[in-house]
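See structure below.
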Amino acid sequence: MVQLDTDEYFFVINQHPIVSDGWSLAVMNRELSALNSAYSNGDPNPLPPLSIQFADYAAWQHQWLSGDRFETHSLYWRTNLADAPVLLDLPTDRPRPAIQSFTGDRLPIRLDVQLTSALNHISQEHGVTQLMTVLTAWSSVLSRLSGQDDIIIGTPTVNRGHHQIEALLGFFVNTLALRIDLSGEPTVRQLLERVRKSTLGAQAHQDLPFEKVVDIDCSTSSQPGLYTNLSSDVCLTEQ
Amino acid sequence: MIESTEIDAGYDTAKWDLELHLNEVDEEIVGTLGYSTVLFDRSTVKRYAGYLRAMLQAMVVDVE
């Protein structure tokens with residue numbers, strides 16, 4: 001905790017990703033604010049007690065994802081990712097180091113009101129979501145850059161489908177491996193449809209944790225072929 | 001009244017080679033294109049972001 005001014009503090013939290021995700025950060029931020037406000041006014045803890053804890057969820061998940069259900073999900077991913085390319089071969093500026101590095105940076109992106117509205121319009125016309133439309137464009141770009149017509153893009157899913165786990169802190173987020181077929185020079189319409197099918201198929205089998213999918217796909221290395229990632233940011237206020 | 005907000009700590013990691021994070025705010029799609037600085041120069045990623053924008057614009061024209 002660093003004091004910046006008489007009424008302003010800088011509170012630094014460092015978390016291992018294994019115990020957190022984007023949703024958790026929003027929950028924690030909201031709860032810290034609520035507790036802060038209450039305690040400084042001398043009020044009691046305003047937060048409702050949790051009906052379950054992460055350990056309860058983990059135990060439930062372990063039991064739920066077993067037997068036939070596990071087999072069905074595994075079969076989907078095994079079939080869907082069969083013979084998938086191990087790596088998206090982008091033209092990088094420097095060769096990939098032997099030991100993976102995680103240092104990065106970010107470039108801001110902003111699409112103006114006109115383009116956003118036009119994209120929402122074509123999404124609606126084709127019965128796809130905004131995410132699917134952007135995925136279609138992004139997969140085309142990645143396909144051109146890599147010269148590959150078979151690519152996999154990882155997309156996170158919040159995995160908070162039950163109200164009892166909405167208020168929990170923990171690593172719930174899952175990564176879906178979307179395999180996109182760009183062969184045969186598809187038209188925009190055709191590619192939108194392929195992306196739609198791929199996304200819906202993956203979402204229908206999202207309960208299998210990515211780590212298990214990686215185990216299935218034995219042909220891949222530590223970072224299982226999913227070298228790019230597309231996500232719609234997760235934000236509690238939008239739920 | 002106490003308010004807390006998240007701030008950008010200016011510390012970035014790249015789990016993937018390229019990471020596209022987008023969100024619609026005030027009728028505009030905004031976000032970031034994250035990249036591994038070990039593999040890419042900023043100018044290259046800027047070009048990639050330009051390709052994405054061009055592709056989205058082309059899709060709008062093509063479909064309508």
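Note on naming: chains are A, B, ... as they come in the structure tokens, residues start from 1 per chain, ligands start from 1 in the order shown.
Every residue of chain B with a DSSP assignment of alpha helix (DSSP H), taken from the backbone, is listed as Arg42, Ser43, Thr44, Val45, Lys46, Arg47, Tyr48, Ala49, Gly50, Tyr51, Leu52, Arg53, Ala54, Met55, Leu56, Gln57, Ala58, Met59, Val60, Val61, Asp62 and Val63 of chain B.
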Inset, instruction - Would you list, as a PyMOL selection string, the residues of chain B that end up in strand (DSSP E or B) under DSSP run on this structure's backbone? - result: chain B and resi 13+18-25+28-36
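With distances restricted to only C-alpha atoms, A:Phe54 is the closest residue to A:Gln164 from A:Trp23, A:Tyr9, A:Phe54, A:Phe210.
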When you look at A:Gln203 with a cut-off of 9 Å (counting only C-alpha atoms), what residues show up, excluding the ones that are within fewer than 5 positions of it in the same chain? I need them as a list in words. Thr157, Leu176 and Ser198 of chain A
Output file for the selection above: C-alpha atoms, as a PDB file, in the first residue's frame:
ATOM      1  CA  THR A 157     -14.707 -18.285 -22.165  1.00  0.00           C
ATOM      2  CA  LEU A 176     -11.522 -22.752 -26.409  1.00  0.00           C
ATOM      3  CA  SER A 198     -16.622 -23.777 -35.299  1.00  0.00           C
TER       4      SER A 198
END
Return as a PyMOL selection string the residues belonging to chain B that are within 7 Å of chain A, counting only C-alpha atoms. chain B and resi 1-4+12-23+27-41+51-52+55-56+59-60
Atom pair atom CA of A:Ile52 + atom CA of A:Asn174, distance 20.0 Å
Find the residues near A:Asp181: any atom within 7 Å, counting only C-alpha atoms, skip ones fewer than 4 places away on the same chain, and give them as a list of chain:residue names. A:Asp149, A:Asp150, A:Ile151
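For the choices A:Arg179, A:Arg194, A:Pro209, A:Gly147, the atom-to-atom distance to A:Ala82 is smallest for A:Arg179 when using only C-alpha atoms.
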To one decimal in Å, tell me the separation between atom CA of A:Gly22 and atom CA of A:Asn159.
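Separation of atom CA of A:Gly22 and atom CA of A:Asn159: 11.4 Å.
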Check: Nearest to A:Val86 among A:Val27, A:Val195, A:Ala177, A:Ile152, with distances taken over only C-alpha atoms: which residue is it?
Finding: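 Ranked by minimum distance to A:Val86, first place goes to A:Ile152.
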Students should find that atom CA of A:Leu65 and atom CA of A:Gly201 are spaced 17.9 Å
